[in-house]
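S.K.: Here you go, this is protein31.txt (compact mmCIF, N, CA and C atoms).
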# COMPACT_ATOMS: atom_id res chain seq x y z
N MET A 1 97.26 129.27 80.96
CA MET A 1 96.85 127.88 80.89
C MET A 1 96.73 127.45 79.43
N GLU A 2 96.18 128.30 78.60
CA GLU A 2 96.02 127.98 77.18
C GLU A 2 97.37 127.71 76.53
N ARG A 3 98.34 128.47 76.93
CA ARG A 3 99.69 128.31 76.38
C ARG A 3 100.26 126.93 76.75
N ALA A 4 100.07 126.53 78.00
CA ALA A 4 100.55 125.23 78.45
C ALA A 4 99.83 124.09 77.74
N LEU A 5 98.53 124.23 77.52
CA LEU A 5 97.78 123.20 76.81
C LEU A 5 98.24 123.08 75.36
N THR A 6 98.48 124.21 74.73
CA THR A 6 98.96 124.20 73.35
C THR A 6 100.30 123.50 73.28
N ARG A 7 101.18 123.80 74.21
CA ARG A 7 102.50 123.18 74.23
C ARG A 7 102.37 121.66 74.45
N ALA A 8 101.47 121.28 75.33
CA ALA A 8 101.28 119.86 75.60
C ALA A 8 100.76 119.12 74.37
N ARG A 9 99.87 119.77 73.62
CA ARG A 9 99.34 119.16 72.39
C ARG A 9 100.42 118.99 71.33
N GLN A 10 101.35 119.93 71.27
CA GLN A 10 102.40 119.89 70.26
C GLN A 10 103.52 118.92 70.63
N ASP A 11 103.68 118.66 71.89
CA ASP A 11 104.76 117.80 72.37
C ASP A 11 104.39 116.33 72.18
N ARG A 12 104.91 115.70 71.16
CA ARG A 12 104.54 114.32 70.84
C ARG A 12 105.03 113.34 71.90
N ARG A 13 106.09 113.67 72.62
CA ARG A 13 106.57 112.79 73.66
C ARG A 13 105.55 112.65 74.78
N TRP A 14 104.71 113.64 74.98
CA TRP A 14 103.71 113.62 76.03
C TRP A 14 102.73 112.48 75.82
N VAL A 15 102.47 112.14 74.59
CA VAL A 15 101.50 111.08 74.27
C VAL A 15 102.13 109.70 74.41
N GLY A 16 103.45 109.64 74.48
CA GLY A 16 104.15 108.36 74.50
C GLY A 16 103.70 107.39 75.58
N SER A 17 103.48 107.85 76.76
CA SER A 17 103.08 106.96 77.85
C SER A 17 101.80 107.49 78.47
N TRP A 18 100.77 106.68 78.46
CA TRP A 18 99.48 107.12 78.98
C TRP A 18 99.19 106.48 80.34
N SER A 19 100.22 106.22 81.15
CA SER A 19 99.97 105.67 82.48
C SER A 19 99.22 106.70 83.31
N PRO A 20 98.34 106.24 84.20
CA PRO A 20 97.56 107.19 85.01
C PRO A 20 98.43 108.16 85.81
N GLU A 21 99.54 107.68 86.37
CA GLU A 21 100.40 108.57 87.14
C GLU A 21 100.98 109.68 86.26
N ARG A 22 101.39 109.32 85.06
CA ARG A 22 101.97 110.32 84.17
C ARG A 22 100.92 111.34 83.73
N ILE A 23 99.72 110.88 83.46
CA ILE A 23 98.65 111.79 83.07
C ILE A 23 98.35 112.76 84.21
N VAL A 24 98.28 112.23 85.44
CA VAL A 24 98.01 113.09 86.59
C VAL A 24 99.11 114.14 86.73
N ARG A 25 100.36 113.72 86.62
CA ARG A 25 101.48 114.67 86.74
C ARG A 25 101.41 115.75 85.67
N ARG A 26 101.06 115.38 84.45
CA ARG A 26 100.97 116.36 83.36
C ARG A 26 99.83 117.35 83.59
N VAL A 27 98.69 116.84 84.02
CA VAL A 27 97.55 117.73 84.27
C VAL A 27 97.89 118.67 85.43
N GLU A 28 98.54 118.15 86.47
CA GLU A 28 98.95 119.01 87.58
C GLU A 28 99.92 120.08 87.10
N HIS A 29 100.81 119.71 86.19
CA HIS A 29 101.76 120.67 85.63
C HIS A 29 101.03 121.79 84.90
N VAL A 30 100.05 121.42 84.10
CA VAL A 30 99.27 122.43 83.37
C VAL A 30 98.51 123.31 84.34
N LEU A 31 97.91 122.70 85.35
CA LEU A 31 97.14 123.47 86.33
C LEU A 31 98.02 124.44 87.12
N ALA A 32 99.28 124.10 87.29
CA ALA A 32 100.18 124.98 88.03
C ALA A 32 100.36 126.32 87.32
N TYR A 33 100.20 126.34 86.01
CA TYR A 33 100.36 127.57 85.24
C TYR A 33 99.05 128.34 85.05
N SER A 34 97.97 127.72 85.44
CA SER A 34 96.69 128.41 85.27
C SER A 34 96.48 129.38 86.43
N ARG A 35 95.66 130.36 86.18
CA ARG A 35 95.36 131.27 87.28
C ARG A 35 94.41 130.59 88.25
N PRO A 36 94.45 130.98 89.51
CA PRO A 36 93.63 130.28 90.51
C PRO A 36 92.13 130.56 90.35
N CYS A 37 91.53 129.89 89.42
CA CYS A 37 90.09 130.03 89.24
C CYS A 37 89.40 128.76 89.72
N GLY A 38 88.12 128.76 89.75
CA GLY A 38 87.37 127.64 90.30
C GLY A 38 87.64 126.32 89.62
N VAL A 39 87.74 126.30 88.31
CA VAL A 39 87.93 125.05 87.58
C VAL A 39 89.29 124.43 87.89
N ALA A 40 90.33 125.26 87.90
CA ALA A 40 91.67 124.74 88.20
C ALA A 40 91.74 124.18 89.61
N ASN A 41 91.16 124.90 90.57
CA ASN A 41 91.17 124.42 91.95
C ASN A 41 90.38 123.12 92.08
N LEU A 42 89.24 123.06 91.43
CA LEU A 42 88.41 121.86 91.49
C LEU A 42 89.14 120.68 90.85
N MET A 43 89.75 120.89 89.69
CA MET A 43 90.47 119.82 89.02
C MET A 43 91.63 119.33 89.87
N GLY A 44 92.30 120.23 90.54
CA GLY A 44 93.39 119.84 91.43
C GLY A 44 92.90 118.95 92.56
N ARG A 45 91.76 119.30 93.14
CA ARG A 45 91.20 118.47 94.21
C ARG A 45 90.79 117.10 93.69
N VAL A 46 90.23 117.05 92.50
CA VAL A 46 89.83 115.77 91.91
C VAL A 46 91.06 114.89 91.69
N LEU A 47 92.14 115.47 91.19
CA LEU A 47 93.36 114.69 90.96
C LEU A 47 93.95 114.17 92.26
N ARG A 48 93.98 115.00 93.29
CA ARG A 48 94.50 114.56 94.58
C ARG A 48 93.64 113.43 95.14
N SER A 49 92.34 113.55 94.96
CA SER A 49 91.43 112.53 95.44
C SER A 49 91.64 111.21 94.69
N ALA A 50 91.81 111.30 93.37
CA ALA A 50 92.02 110.10 92.56
C ALA A 50 93.32 109.41 92.94
N ARG A 51 94.35 110.19 93.15
CA ARG A 51 95.64 109.61 93.55
C ARG A 51 95.50 108.95 94.91
N GLY A 52 94.80 109.60 95.82
CA GLY A 52 94.59 109.03 97.15
C GLY A 52 93.77 107.76 97.11
N ALA A 53 92.81 107.68 96.20
CA ALA A 53 91.97 106.49 96.09
C ALA A 53 92.79 105.27 95.70
N ALA A 54 93.71 105.45 94.79
CA ALA A 54 94.56 104.33 94.37
C ALA A 54 95.44 103.86 95.53
N GLU A 55 95.96 104.81 96.29
CA GLU A 55 96.80 104.45 97.43
C GLU A 55 95.98 103.77 98.52
N ARG A 56 94.75 104.27 98.74
CA ARG A 56 93.89 103.64 99.74
C ARG A 56 93.57 102.20 99.34
N GLU A 57 93.33 101.97 98.07
CA GLU A 57 93.03 100.61 97.60
C GLU A 57 94.23 99.69 97.78
N THR A 58 95.43 100.20 97.59
CA THR A 58 96.64 99.41 97.80
C THR A 58 96.76 98.99 99.26
N VAL A 59 96.54 99.95 100.17
CA VAL A 59 96.60 99.65 101.60
C VAL A 59 95.48 98.67 101.98
N ALA A 60 94.28 98.89 101.47
CA ALA A 60 93.16 97.99 101.77
C ALA A 60 93.48 96.57 101.30
N GLY A 61 94.08 96.45 100.13
CA GLY A 61 94.47 95.13 99.63
C GLY A 61 95.49 94.45 100.54
N SER A 62 96.41 95.23 101.07
CA SER A 62 97.40 94.68 102.00
C SER A 62 96.73 94.18 103.28
N VAL A 63 95.75 94.93 103.77
CA VAL A 63 95.01 94.51 104.98
C VAL A 63 94.25 93.23 104.70
N ARG A 64 93.54 93.17 103.57
CA ARG A 64 92.78 91.96 103.23
C ARG A 64 93.70 90.75 103.10
N GLN A 65 94.85 90.95 102.47
CA GLN A 65 95.80 89.86 102.28
C GLN A 65 96.35 89.39 103.62
N ALA A 66 96.65 90.31 104.53
CA ALA A 66 97.18 89.95 105.84
C ALA A 66 96.16 89.11 106.62
N VAL A 67 94.91 89.53 106.59
CA VAL A 67 93.87 88.78 107.29
C VAL A 67 93.73 87.38 106.69
N ALA A 68 93.72 87.30 105.37
CA ALA A 68 93.56 86.00 104.70
C ALA A 68 94.73 85.07 105.00
N GLU A 69 95.95 85.60 104.95
CA GLU A 69 97.13 84.76 105.16
C GLU A 69 97.31 84.35 106.61
N SER A 70 96.71 85.09 107.53
CA SER A 70 96.87 84.78 108.95
C SER A 70 96.14 83.49 109.33
N GLY A 71 95.07 83.17 108.62
CA GLY A 71 94.28 82.01 108.96
C GLY A 71 93.34 82.25 110.13
N LEU A 72 93.27 83.50 110.60
CA LEU A 72 92.39 83.85 111.72
C LEU A 72 91.06 84.35 111.19
N THR A 73 90.06 84.29 112.05
CA THR A 73 88.80 84.93 111.68
C THR A 73 89.00 86.44 111.79
N ARG A 74 88.10 87.20 111.20
CA ARG A 74 88.20 88.66 111.29
C ARG A 74 88.13 89.13 112.74
N ALA A 75 87.30 88.47 113.53
CA ALA A 75 87.16 88.85 114.94
C ALA A 75 88.46 88.60 115.70
N GLU A 76 89.08 87.43 115.47
CA GLU A 76 90.35 87.12 116.13
C GLU A 76 91.44 88.09 115.69
N PHE A 77 91.49 88.36 114.41
CA PHE A 77 92.52 89.26 113.87
C PHE A 77 92.34 90.66 114.44
N ALA A 78 91.11 91.14 114.44
CA ALA A 78 90.83 92.48 114.97
C ALA A 78 91.23 92.57 116.43
N SER A 79 90.92 91.55 117.20
CA SER A 79 91.27 91.54 118.62
C SER A 79 92.79 91.60 118.82
N ARG A 80 93.50 90.85 118.01
CA ARG A 80 94.97 90.81 118.16
C ARG A 80 95.65 92.12 117.76
N ILE A 81 95.04 92.87 116.86
CA ILE A 81 95.66 94.16 116.50
C ILE A 81 95.11 95.30 117.34
N GLY A 82 94.15 94.96 118.21
CA GLY A 82 93.63 95.95 119.14
C GLY A 82 92.57 96.87 118.57
N THR A 83 91.70 96.33 117.72
CA THR A 83 90.63 97.14 117.14
C THR A 83 89.35 96.31 117.07
N SER A 84 88.29 96.92 116.62
CA SER A 84 87.02 96.20 116.48
C SER A 84 86.90 95.59 115.08
N VAL A 85 85.98 94.66 114.95
CA VAL A 85 85.73 94.02 113.65
C VAL A 85 85.24 95.06 112.65
N SER A 86 84.38 95.96 113.09
CA SER A 86 83.86 96.97 112.16
C SER A 86 84.96 97.92 111.69
N ARG A 87 85.89 98.27 112.58
CA ARG A 87 87.01 99.14 112.16
C ARG A 87 87.93 98.39 111.21
N LEU A 88 88.17 97.12 111.48
CA LEU A 88 88.98 96.30 110.57
C LEU A 88 88.34 96.27 109.19
N SER A 89 87.02 96.19 109.15
CA SER A 89 86.29 96.19 107.89
C SER A 89 86.51 97.50 107.12
N THR A 90 86.54 98.61 107.83
CA THR A 90 86.78 99.89 107.15
C THR A 90 88.19 99.96 106.58
N TYR A 91 89.15 99.32 107.26
CA TYR A 91 90.52 99.26 106.73
C TYR A 91 90.56 98.38 105.48
N ALA A 92 89.85 97.26 105.52
CA ALA A 92 89.87 96.30 104.42
C ALA A 92 89.14 96.81 103.18
N THR A 93 88.20 97.73 103.36
CA THR A 93 87.48 98.29 102.20
C THR A 93 88.12 99.58 101.69
N GLY A 94 89.03 100.15 102.46
CA GLY A 94 89.69 101.38 102.04
C GLY A 94 88.96 102.65 102.46
N LYS A 95 87.89 102.51 103.23
CA LYS A 95 87.17 103.70 103.69
C LYS A 95 88.01 104.50 104.67
N VAL A 96 88.81 103.77 105.47
CA VAL A 96 89.71 104.40 106.44
C VAL A 96 91.10 103.81 106.21
N VAL A 97 92.13 104.65 106.27
CA VAL A 97 93.51 104.19 106.12
C VAL A 97 94.13 104.06 107.50
N PRO A 98 94.63 102.87 107.85
CA PRO A 98 95.25 102.70 109.16
C PRO A 98 96.58 103.46 109.23
N SER A 99 96.98 103.78 110.43
CA SER A 99 98.26 104.47 110.62
C SER A 99 99.41 103.54 110.26
N ALA A 100 100.58 104.11 110.11
CA ALA A 100 101.76 103.30 109.79
C ALA A 100 102.05 102.32 110.93
N VAL A 101 101.87 102.77 112.16
CA VAL A 101 102.10 101.89 113.32
C VAL A 101 101.14 100.71 113.28
N LEU A 102 99.89 100.96 112.95
CA LEU A 102 98.91 99.88 112.88
C LEU A 102 99.22 98.94 111.71
N MET A 103 99.72 99.46 110.62
CA MET A 103 100.10 98.60 109.48
C MET A 103 101.22 97.65 109.89
N VAL A 104 102.17 98.14 110.67
CA VAL A 104 103.26 97.27 111.15
C VAL A 104 102.67 96.20 112.06
N ARG A 105 101.75 96.58 112.94
CA ARG A 105 101.10 95.63 113.84
C ARG A 105 100.32 94.58 113.04
N ILE A 106 99.61 95.02 112.01
CA ILE A 106 98.84 94.10 111.15
C ILE A 106 99.77 93.08 110.52
N ASP A 107 100.90 93.54 110.02
CA ASP A 107 101.87 92.64 109.39
C ASP A 107 102.43 91.64 110.40
N ARG A 108 102.78 92.13 111.58
CA ARG A 108 103.33 91.23 112.61
C ARG A 108 102.32 90.16 113.02
N VAL A 109 101.09 90.57 113.25
CA VAL A 109 100.06 89.61 113.65
C VAL A 109 99.84 88.58 112.56
N ALA A 110 99.81 89.01 111.31
CA ALA A 110 99.61 88.08 110.20
C ALA A 110 100.74 87.07 110.11
N VAL A 111 101.97 87.54 110.24
CA VAL A 111 103.13 86.64 110.15
C VAL A 111 103.13 85.65 111.31
N ARG A 112 102.92 86.13 112.53
CA ARG A 112 102.91 85.24 113.70
C ARG A 112 101.78 84.21 113.62
N ALA A 113 100.62 84.64 113.22
CA ALA A 113 99.47 83.72 113.13
C ALA A 113 99.72 82.67 112.04
N ALA A 114 100.31 83.08 110.93
CA ALA A 114 100.60 82.14 109.85
C ALA A 114 101.62 81.10 110.31
N ARG A 115 102.61 81.53 111.09
CA ARG A 115 103.62 80.59 111.61
C ARG A 115 102.98 79.58 112.56
N GLN A 116 102.06 80.08 113.39
CA GLN A 116 101.40 79.18 114.35
C GLN A 116 100.53 78.16 113.66
N THR A 117 99.87 78.55 112.55
CA THR A 117 99.02 77.59 111.85
C THR A 117 99.84 76.57 111.07
N GLU A 118 101.07 76.95 110.69
CA GLU A 118 101.95 76.01 109.97
C GLU A 118 102.48 74.93 110.91
N SER A 119 102.67 75.28 112.19
CA SER A 119 103.25 74.32 113.15
C SER A 119 102.30 73.24 113.56
Would you write the structure of this file as structure tokens?

M.R.:
Amino acid sequence: MERALTRARQDRRWVGSWSPERIVRRVEHVLAYSRPCGVANLMGRVLRSARGAAERETVAGSVRQAVAESGLTRAEFASRIGTSVSRLSTYATGKVVPSAVLMVRIDRVAVRAARQTES
């Protein structure tokens, strides 16, 4: 691991882009060469969790946007996608990630409801 860190410090191209995704990939690369000790395993879990959090927030934003664009109340929207208002809330906050099938249903309901309100 020390060897990989030294190489990373010497590689000036590594500093060129500090996007979060690139940093995560580099740290994962370094961790891949470390021996399986507690710190490396813990850091790997933290990185996976951080990456998942960003993806959950993206999905949650899509759910919030679909509900807003539909023009329906949360109760009406939840009923049309076949779930409860409290479960819809967990999707909108990112606490729970809906399945791909449910995401398609959410999109369809939002589009249909928006068309009906336009007419």

S.K.: How many Å separate atom CA of A:Gly71 from atom CA of A:Ala114?

M.R.: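 Computing it gives 6.4 Å between the two atoms.
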
S.K.: Would you list the contacts of stretch 81-95 of chain A as a list in words, taking every protein, DNA or RNA residue within 5 Å and counting only N, CA and C atoms, but skipping same-chain residues closer than 6 positions in sequence?

M.R.: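 Once the nearby chain positions are removed, what remains is Arg56, Ala60 and Arg64 of chain A.
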
S.K.: Please report the interatomic distance between atom CA of A:Ala66 and atom N of A:Ala110 in Å with one decimal.

M.R.: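 If I compute the distance from atom CA of A:Ala66 to atom N of A:Ala110, I get 6.1 Å.
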
S.K.: Compare A:Ser49, A:Gln65, A:Asn41, A:Ser70 by their minimum atom-to-atom distance to A:Gln116, counting only N, CA and C atoms, and give me the closest one.

M.R.: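 Checking each of A:Ser49, A:Gln65, A:Asn41, A:Ser70 against A:Gln116, counting only N, CA and C atoms, the winner is A:Ser70.
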
S.K.: One decimal, in Å: what's the spacing between atom CA of A:Val59 and atom CA of A:Val101?

M.R.: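 Separating atom CA of A:Val59 from atom CA of A:Val101 is a distance of 13.1 Å.
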
S.K.: Which residues, protein or nucleic acid, reach to within 12 Å of (94.3, 117.6, 90.5) in the file's coordinates when using only C-alpha atoms, and can you give that as a ChimeraX atom specification?

M.R.: /A:21,23-32,39-52

S.K.: When distances are computed from only N, CA and C atoms, which of A:Arg22, A:Ile106, A:Ser99, A:Glu118 shows the smallest separation from A:Val63?

M.R.: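 Using only N, CA and C atoms, A:Val63 sits closest to A:Ile106.
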
S.K.: If the box runs along x, y and z of the file and leaves 5 Å on each side of stretch 61-73 of chain A, what are its centre and edge lengths in Å, one decimal, as JSON?

M.R.:
{"center_x": 93.1, "center_y": 89.2, "center_z": 105.8, "size_x": 18.6, "size_y": 24.4, "size_z": 22.4}
